[in-house]
Structures are given as C-alpha cells and as structure tokens.
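Peer 1: Let me begin by handing over the structure; questions about it come next.
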Amino acid sequence: MKLWEKGIATHKKIESFTIGEDRTLDLKLAKYDIKASLAHAEMLHKVKLISDQELTDIRKGLKILAESIENENFEIESEFEDVHSKIEFELGRLIGASAKKIHTARSRNDQVLVDLHLYIKDEILSIRSLIKDLFEVLIELSKQHKNVLMPGYTHFQVAMPSSFGLWFSAYAESLIDDLIHLNAAYQISDQNPLGSAAGYGSSFPIDRELTTRLLAFNTMKYNVVAAQMSRGKLELSLAFALSSIALTLSKFTTDICIYNSQNFGFISFPDELTTGSSIMPHKKNPDVIELIRANCNKIQALPAQISMITNNLPSGYHRDFQLLKSEIMHGIDLMKENLEILSFMLKEIKINKNILEDEIYDNLYSVEAVNNLVMQGVSFRDAYKVVAKNIASSNYEPSKEINHTHIGSLGNLCLTEIEKKLHFIYSKTFDKAID
C-alpha cells in the first residue's frame, strides 16, 4: 500500500530501490507518527474538518496501535512502503471510514518531518543523559585521583607535571562544550513543521499553534517553505553535535590506548574487560576502547555525508532526503553505544600511582627549577638558560617535591568550576526537561 498510488502498479525494481531501508528504519518513527497523527486529528476536529464521532474513532484506533508499538508487536510488512502507509492502513482496518479523513490537510512530507523532529528531540535528551553519566564518572575519577601525578606530554615529548585529576576533568569539561552543540541541535529540532504539507501549506483552515502545543514544541516553523527546507538542516545540526562529542571521545580513547600500553603503564583494566591474542598468551588488548575510537571516527564523517547529500538541492522536497534517515539514525545509535560502554569501562580503570618515580621523568621538573630561580630574583630568560645548560651538561638535579599541593588545589578549583559550568549549560537550554 502506498499513500500516493492511483491504481497503477509500480515496477518491482523501482519499488525496491526507492523504499530502501525505510521499513526497518521507520520502526523507530512509529510511535512519533502515532503521536503526531493524534495531534493532527485533534486539530482537524477543532477546525470542524472531522466530527466528534470521527475523532473518538481515531483516538481509539491510534491508542490500539500505540499499544502494539509499545509492546513491540508492530511490524511493517513488504506490502507497505513505510510507517505512514502501514499506520493509515491499520487505522482503517480498526475503525473503518473515519480513518480516511486523517490525512486531510497534511502530506507525507510534513508527516515524516514532524516524526523526525520528535524523534531527534527525544534522542538528544537520551544522548544528553548518557553524557551526564559519563561526565559524573569522569568527575568522580578526577576527585579520587586529583593528587596522583602523571607526566604531561607535548609533541610526544615529556613536558611538565600534571595529574590524573586534571586529565579526567579536562575531558569532563570538554563534554560541556559538546553539550553546547547538542543544545543548539535541540533548539533546531524543537520547531513544529506539521501543517506545512508538501512544503507550500494548506488551503484548509488549520490551527498550527494547536498542534505545536499538543506536541510540546517550543515554537513552529512559521514559513511552510522553510519547514520543508529544514529537512537536511535538522539532521546536519545533530550530526555536527555528534561529531563534536565524537572528537572528544576519540582523543580520550587514544590517550587511554597509549597510557594502557606497556611502554607507558599509566593505567590498566581488569582482565575480564580486555581481550587476548590467538598466538601471544601475554596479550591484554583494549579492544573496546579501540572500537569506540573507530566508531567515533566514523561519526566525525557524518556531517560531510549529510552535506554531500543535501548541499546543492534547491528548496522544496526531493527524494534525496530519504537517504539522510539511515545516516543520522545509525549515527545516533552508535553514539549512544559508545557513551554507555565507555562509562562502564572507566568505572573499572586502574591508576598507577608511582609513575614519576621513573628517572625518565626527571626533566618534568625543569620548569619548576626555572621558576624557583625567578623567585630568587633571576630574570626568566637567564634562569631558563641556566637550567638548560645544567640539563645539557648532566648537572641538573630535579627537586621532586613539587606541585603535589599546587596541582591538587588546582584540581579542586577545576572540579568546582566545571560542575558549576555543567549545571548552567543544562539549565539554560533544558530546564523544562532537566529531570
């Protein structure tokens, strides 16, 4: 069944090619299609395009279908093109002629658009919750290990003393930047496109403000052409946010892989969270962390994929948009899996507390030696040359009493301010859905 059929059968090859993955992907949209259809029916009743009895019938039928979806008894068989045709057919089977009026004043174009807006809103909230879980794990690790020193590196060269507190909280704060991108995507998704029909509105006396309220959108897309133009921009805005999160996670997982290697030995994981080699019995591989990194690299390509599908399309609807559904849905699922498994892994991480005892890290303290001379009245440039000369002639004696107090206090300050920052970002955009 196709909503647009006029009695002429579509060639099987054309049907298969144009439907693509829709039957599978649309299962994610089914509950949103019910929700939007119910709001649309309420609006049709208010403007007297359907009767009291017809609204009652539609409510009853949609409730039955919603329960079927919730209980995972809903499927889209091969005779249906997509979720929209399946739901309209099943509604007709359940309530009869009243179902034929549900499509009044809407098009499949604004139908799929409103489904995607509702779906993406919910998925952003789900991703936000997973980011908060990861943030809290990182902050807790930062508190536990704020006084455990580790070497900082630049250019893969030993640089200056740092701490695990600073390392963990750095990634916590980076996630806050990613939330800003996610918040922007949420605001773009929080606009109701229903009522734009095929992109040029409807001559029926519809009430778009009512459906906006019923569907809990903050506002609507007022211009009906702009509403259709949001197809692609909606997905791209989320893709940029996912890419930003992925950038943070890919950098963090690379750190973990390096620090977990025998050459560094900064951290480790329990044996049951690692994998082995088929021929090397000593191997304990961080496969989970490596897969997160690879997945994040895939996600960082998502904005480019969506841009290449949409960037030269004029206004109005084009079937090219159908291909966006697969890309963004897979990207969402992949990100959620990454965030969940990374939080799980980090809760079991083990920290080496004696890293700086190795003499290869003696030069970490050179900056402190320079600073000590400066505090004694030597100019910075002269102090720098003195310490550099001592290092070159092997006369440099590091003072390892450094920075435990300083780095610890810096870590405490960071933690306090980072947590404040997170709460501000959350409340600024999501105060109506914070819990």
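FYI, nothing fancy with the structure tokens labels: chains A, B, ... in order, residues from 1 per chain, ligands from 1 as they appear.
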Based on DSSP run over this structure's backbone, return all residues of segment 144-338 of chain A in strand (DSSP E), as a short mmCIF file (atom, residue, chain, number, x, y, z; two decimals) with C-alpha atoms, in the first residue's frame.
Peer 2:
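Final output, part37.cif:
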```cif
data_model
loop_
_atom_site.label_atom_id
_atom_site.label_comp_id
_atom_site.auth_asym_id
_atom_site.auth_seq_id
_atom_site.Cartn_x
_atom_site.Cartn_y
_atom_site.Cartn_z
CA LEU A 149 50.82 12.94 39.49
CA MET A 150 51.41 11.94 35.89
CA PRO A 151 53.63 13.37 33.16
CA GLY A 152 52.19 15.80 30.67
CA TYR A 153 53.34 15.45 27.07
CA THR A 154 53.70 17.81 24.12
CA GLN A 157 57.92 14.50 24.48
CA VAL A 158 57.98 14.66 28.29
CA ALA A 159 56.76 18.15 29.17
CA MET A 160 55.52 19.16 32.65
CA PRO A 161 53.89 17.51 35.67
CA SER A 162 50.16 17.00 35.50
CA SER A 163 47.73 14.86 37.47
CA GLN A 191 10.18 23.63 15.96
CA ASN A 192 6.93 22.18 14.65
CA THR A 219 7.70 27.03 18.58
CA MET A 220 6.80 26.25 14.97
CA ILE A 267 46.61 2.82 33.59
CA SER A 268 45.19 -0.68 33.18
#
```
Peer 1: With only C-alpha atoms as the basis for distance, which of A:Arg208, A:Leu238, A:Ser278, A:Gln322 is at the shortest distance from Gln300 of chain A?
Peer 2: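 The answer is A:Leu238, which sits nearest to Gln300 of chain A.
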Peer 1: Applying 9 Å and only C-alpha atoms, which residues near Ile418 of chain A remain after dropping the ones on its own chain fewer than 5 positions away? List them as number ranges by chain.
Peer 2: A: 139, 169, 172-173, 176, 413, 423
Peer 1: Those same residues, written as a compact mmCIF listing (two decimals), in the first residue's frame with N, CA, C and O atoms?
Peer 2:
```
# COMPACT_ATOMS: atom_id res chain seq x y z
N ILE A 139 34.22 13.08 36.63
CA ILE A 139 34.40 13.96 37.79
C ILE A 139 34.75 13.15 39.03
O ILE A 139 35.63 13.53 39.82
N SER A 169 39.28 15.51 34.47
CA SER A 169 38.38 16.67 34.46
C SER A 169 38.49 17.47 33.16
O SER A 169 37.55 18.17 32.78
N ALA A 172 35.96 15.93 31.08
CA ALA A 172 34.64 16.31 31.60
C ALA A 172 34.25 17.69 31.08
O ALA A 172 33.13 17.92 30.61
N GLU A 173 35.20 18.64 31.15
CA GLU A 173 34.89 19.99 30.69
C GLU A 173 34.71 20.04 29.18
O GLU A 173 33.88 20.81 28.67
N ILE A 176 31.25 19.46 28.15
CA ILE A 176 30.36 20.61 28.29
C ILE A 176 30.32 21.40 26.98
O ILE A 176 29.25 21.86 26.54
N LEU A 413 39.89 23.38 42.37
CA LEU A 413 39.29 24.55 41.76
C LEU A 413 38.61 24.18 40.45
O LEU A 413 37.46 24.55 40.19
N HIS A 423 26.04 22.57 35.22
CA HIS A 423 24.68 22.85 35.68
C HIS A 423 24.11 24.07 34.95
O HIS A 423 22.92 24.10 34.62
```
Peer 1: Determine which residues of segment 22-213 of chain A receive a DSSP assignment of alpha helix (DSSP H), computed from the backbone, and state them as an MDAnalysis selection string.
Peer 2: chainID A and resid 22:25 30:46 52:70 83:95 108:144 164:189 208:213
Peer 1: Using only C-alpha atoms for the distances, tell me which of A:Arg106, A:Lys233, A:Lys284, A:Lys389 is nearest to Glu272 of chain A.
Peer 2: A:Lys284
Peer 1: Neighbours of Asn285 of chain A within 9 Å (only C-alpha atoms; same-chain residues fewer than 5 positions away dropped), as a PDB file with N, CA and C atoms, in the first residue's frame?
Peer 2:
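File result25.pdb, as written:
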```
ATOM      1  N   LEU A 273      37.853  -7.273  31.132  1.00  0.00           N
ATOM      2  CA  LEU A 273      37.429  -6.206  30.229  1.00  0.00           C
ATOM      3  C   LEU A 273      38.351  -6.067  29.025  1.00  0.00           C
ATOM      4  N   THR A 274      39.318  -6.944  28.917  1.00  0.00           N
ATOM      5  CA  THR A 274      40.245  -6.922  27.789  1.00  0.00           C
ATOM      6  C   THR A 274      40.120  -8.227  26.998  1.00  0.00           C
ATOM      7  N   THR A 275      40.767  -8.261  25.845  1.00  0.00           N
ATOM      8  CA  THR A 275      40.765  -9.471  25.010  1.00  0.00           C
ATOM      9  C   THR A 275      42.202  -9.929  24.802  1.00  0.00           C
ATOM     10  N   GLY A 276      42.353 -11.139  24.250  1.00  0.00           N
ATOM     11  CA  GLY A 276      43.678 -11.709  24.077  1.00  0.00           C
ATOM     12  C   GLY A 276      44.053 -11.907  22.625  1.00  0.00           C
ATOM     13  N   SER A 277      45.189 -12.544  22.433  1.00  0.00           N
ATOM     14  CA  SER A 277      45.702 -12.869  21.105  1.00  0.00           C
ATOM     15  C   SER A 277      45.625 -14.376  20.890  1.00  0.00           C
TER      16      SER A 277
END
```
Peer 1: Under the rule of at most 12 Å, produce a per-residue listing of segment 257-288 of chain A near segment 338-360 of chain A: chain, number, name, the closest pair of atoms, and the distance in Å, as CSV, using only C-alpha atoms.
Peer 2:
```
residue,atom,partner,partner_atom,distance
A:Tyr259,CA,A:Ile351,CA,10.0
A:Asn260,CA,A:Lys350,CA,9.7
A:Gln262,CA,A:Asn352,CA,11.9
A:Asn263,CA,A:Ile355,CA,11.6
A:Phe264,CA,A:Ile355,CA,8.7
A:Gly265,CA,A:Asn352,CA,7.2
A:Phe266,CA,A:Asn352,CA,5.2
A:Ile267,CA,A:Ile351,CA,4.7
A:Ser268,CA,A:Lys350,CA,5.1
A:Phe269,CA,A:Ile349,CA,5.1
A:Pro270,CA,A:Glu348,CA,7.0
A:Asp271,CA,A:Glu348,CA,10.5
A:Glu272,CA,A:Glu348,CA,10.3
A:Leu273,CA,A:Met345,CA,7.5
A:Thr274,CA,A:Met345,CA,10.0
A:Pro286,CA,A:Met345,CA,10.1
A:Asp287,CA,A:Met345,CA,11.3
A:Val288,CA,A:Ile341,CA,8.0
```
Peer 1: Could those selected residues go to a file with C-alpha atoms, as a short mmCIF file (atom, residue, chain, number, x, y, z; two decimals), in the first residue's frame?
Peer 2:
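Writing the result to result-v1.cif gives the following:
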```cif
data_model
loop_
_atom_site.label_atom_id
_atom_site.label_comp_id
_atom_site.auth_asym_id
_atom_site.auth_seq_id
_atom_site.Cartn_x
_atom_site.Cartn_y
_atom_site.Cartn_z
CA TYR A 259 48.60 5.11 28.59
CA ASN A 260 47.48 1.47 28.79
CA GLN A 262 53.44 -1.40 28.47
CA ASN A 263 55.68 1.44 27.27
CA PHE A 264 53.69 3.86 29.43
CA GLY A 265 51.91 1.74 32.04
CA PHE A 266 49.93 4.68 33.44
CA ILE A 267 46.61 2.82 33.59
CA SER A 268 45.19 -0.68 33.18
CA PHE A 269 41.88 -2.54 33.13
CA PRO A 270 40.77 -5.81 34.73
CA ASP A 271 41.47 -8.86 32.61
CA GLU A 272 37.78 -9.53 32.05
CA LEU A 273 37.43 -6.21 30.23
CA THR A 274 40.24 -6.92 27.79
CA PRO A 286 41.92 -2.76 24.94
CA ASP A 287 39.62 -3.76 22.06
CA VAL A 288 36.58 -1.96 23.48
#
```
Peer 1: Name the closest residue to Tyr365 of chain A among the candidates A:Ala301, A:Ile64, A:Val378, A:Ile391; distances are taken between atoms, counting only C-alpha atoms.
Peer 2: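 Of A:Ala301, A:Ile64, A:Val378, A:Ile391, the one nearest Tyr365 of chain A, counting only C-alpha atoms, is A:Ile391.
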Peer 1: Between A:Lys336, A:Lys421, A:Lys35, A:His330, which is the closest to Leu118 of chain A once you count only C-alpha atoms?
Peer 2: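 When distances to Leu118 of chain A are compared using only C-alpha atoms, the smallest one comes from A:Lys35.
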Peer 1: Show which residues sit within 10 Å of Ile34 of chain A, as JSON, numbers by chain. Count only C-alpha atoms, and ignore same-chain residues fewer than 3 positions away.
Peer 2: {"A": [29, 30, 31, 37, 38, 39, 40, 59, 61, 62, 63, 65, 66, 69, 83, 84, 87, 88, 115]}
Peer 1: Would you kindly return, as an MDAnalysis selection string, each protein, DNA or RNA residue with an atom no farther than 8 Å from any atom of Leu249 of chain A, considering only C-alpha atoms and excluding same-chain residues fewer than 5 positions away?
Peer 2: chainID A and resid 292:293 296
Peer 1: With N, CA and C atoms retained, write the just-selected residues as a PDB file, in the first residue's frame.
Peer 2:
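The file below, selection-v8.pdb, is the result:
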```
ATOM      1  N   ILE A 292      35.584   1.982  20.229  1.00  0.00           N
ATOM      2  CA  ILE A 292      34.970   3.284  20.480  1.00  0.00           C
ATOM      3  C   ILE A 292      35.652   4.348  19.625  1.00  0.00           C
ATOM      4  N   ARG A 293      36.981   4.298  19.594  1.00  0.00           N
ATOM      5  CA  ARG A 293      37.734   5.276  18.788  1.00  0.00           C
ATOM      6  C   ARG A 293      37.361   5.179  17.313  1.00  0.00           C
ATOM      7  N   CYS A 296      33.900   6.512  16.710  1.00  0.00           N
ATOM      8  CA  CYS A 296      33.883   7.976  16.776  1.00  0.00           C
ATOM      9  C   CYS A 296      34.470   8.603  15.515  1.00  0.00           C
TER      10      CYS A 296
END
```
Peer 1: Restricting the calculation to only C-alpha atoms: of A:Arg23, A:Arg231, A:Arg128, A:Lys121, which residue gets closest to Gly316 of chain A?
Peer 2: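 Among the listed residues, A:Arg231 lies closest to Gly316 of chain A.
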Peer 1: Can you pull out every residue within 12 Å of Gly92 of chain A, counting only C-alpha atoms, but drop anything in the same chain fewer than 6 positions away, and send it as a PyMOL selection string?
Peer 2: chain A and resi 54+57-58+60-62+65+85-86+98-103
Peer 1: Kindly export the residues of the current selection with N, CA, C and O atoms, as a compact mmCIF listing (two decimals), in the first residue's frame.
Peer 2:
```
# COMPACT_ATOMS: atom_id res chain seq x y z
N GLU A 54 -15.92 10.90 14.64
CA GLU A 54 -14.71 10.56 13.90
C GLU A 54 -13.46 10.74 14.77
O GLU A 54 -12.55 9.91 14.73
N ASP A 57 -13.34 7.81 17.17
CA ASP A 57 -12.87 6.61 16.47
C ASP A 57 -11.36 6.65 16.25
O ASP A 57 -10.65 5.65 16.47
N ILE A 58 -10.87 7.80 15.79
CA ILE A 58 -9.43 7.94 15.50
C ILE A 58 -8.61 7.79 16.78
O ILE A 58 -7.59 7.09 16.79
N LYS A 60 -9.40 6.12 19.44
CA LYS A 60 -9.47 4.72 19.84
C LYS A 60 -8.51 3.87 19.01
O LYS A 60 -7.74 3.06 19.54
N GLY A 61 -8.53 4.06 17.69
CA GLY A 61 -7.67 3.28 16.81
C GLY A 61 -6.20 3.56 17.03
O GLY A 61 -5.37 2.63 17.08
N LEU A 62 -5.86 4.84 17.19
CA LEU A 62 -4.46 5.19 17.40
C LEU A 62 -3.95 4.67 18.75
O LEU A 62 -2.77 4.29 18.87
N LEU A 65 -3.01 1.07 18.25
CA LEU A 65 -1.75 0.96 17.51
C LEU A 65 -0.57 1.37 18.39
O LEU A 65 0.50 0.76 18.30
N SER A 85 2.09 4.64 5.61
CA SER A 85 1.08 3.85 4.91
C SER A 85 0.60 2.69 5.77
O SER A 85 -0.58 2.34 5.77
N LYS A 86 1.50 2.09 6.55
CA LYS A 86 1.13 0.99 7.44
C LYS A 86 0.14 1.45 8.51
O LYS A 86 -0.90 0.80 8.74
N SER A 98 -13.70 6.39 9.09
CA SER A 98 -13.15 7.58 9.76
C SER A 98 -11.66 7.75 9.48
O SER A 98 -11.14 8.87 9.45
N ALA A 99 -10.96 6.63 9.27
CA ALA A 99 -9.52 6.68 9.04
C ALA A 99 -9.17 7.41 7.75
O ALA A 99 -8.06 7.94 7.61
N LYS A 100 -10.10 7.44 6.82
CA LYS A 100 -9.82 8.06 5.53
C LYS A 100 -9.66 9.58 5.64
O LYS A 100 -9.15 10.22 4.72
N LYS A 101 -10.09 10.15 6.77
CA LYS A 101 -10.02 11.61 6.93
C LYS A 101 -8.74 12.08 7.63
O LYS A 101 -8.49 13.27 7.71
N ILE A 102 -7.95 11.15 8.16
CA ILE A 102 -6.78 11.53 8.96
C ILE A 102 -5.73 12.29 8.15
O ILE A 102 -4.96 13.08 8.69
N HIS A 103 -5.71 12.06 6.84
CA HIS A 103 -4.67 12.69 6.02
C HIS A 103 -5.09 14.06 5.49
O HIS A 103 -4.32 14.70 4.77
```
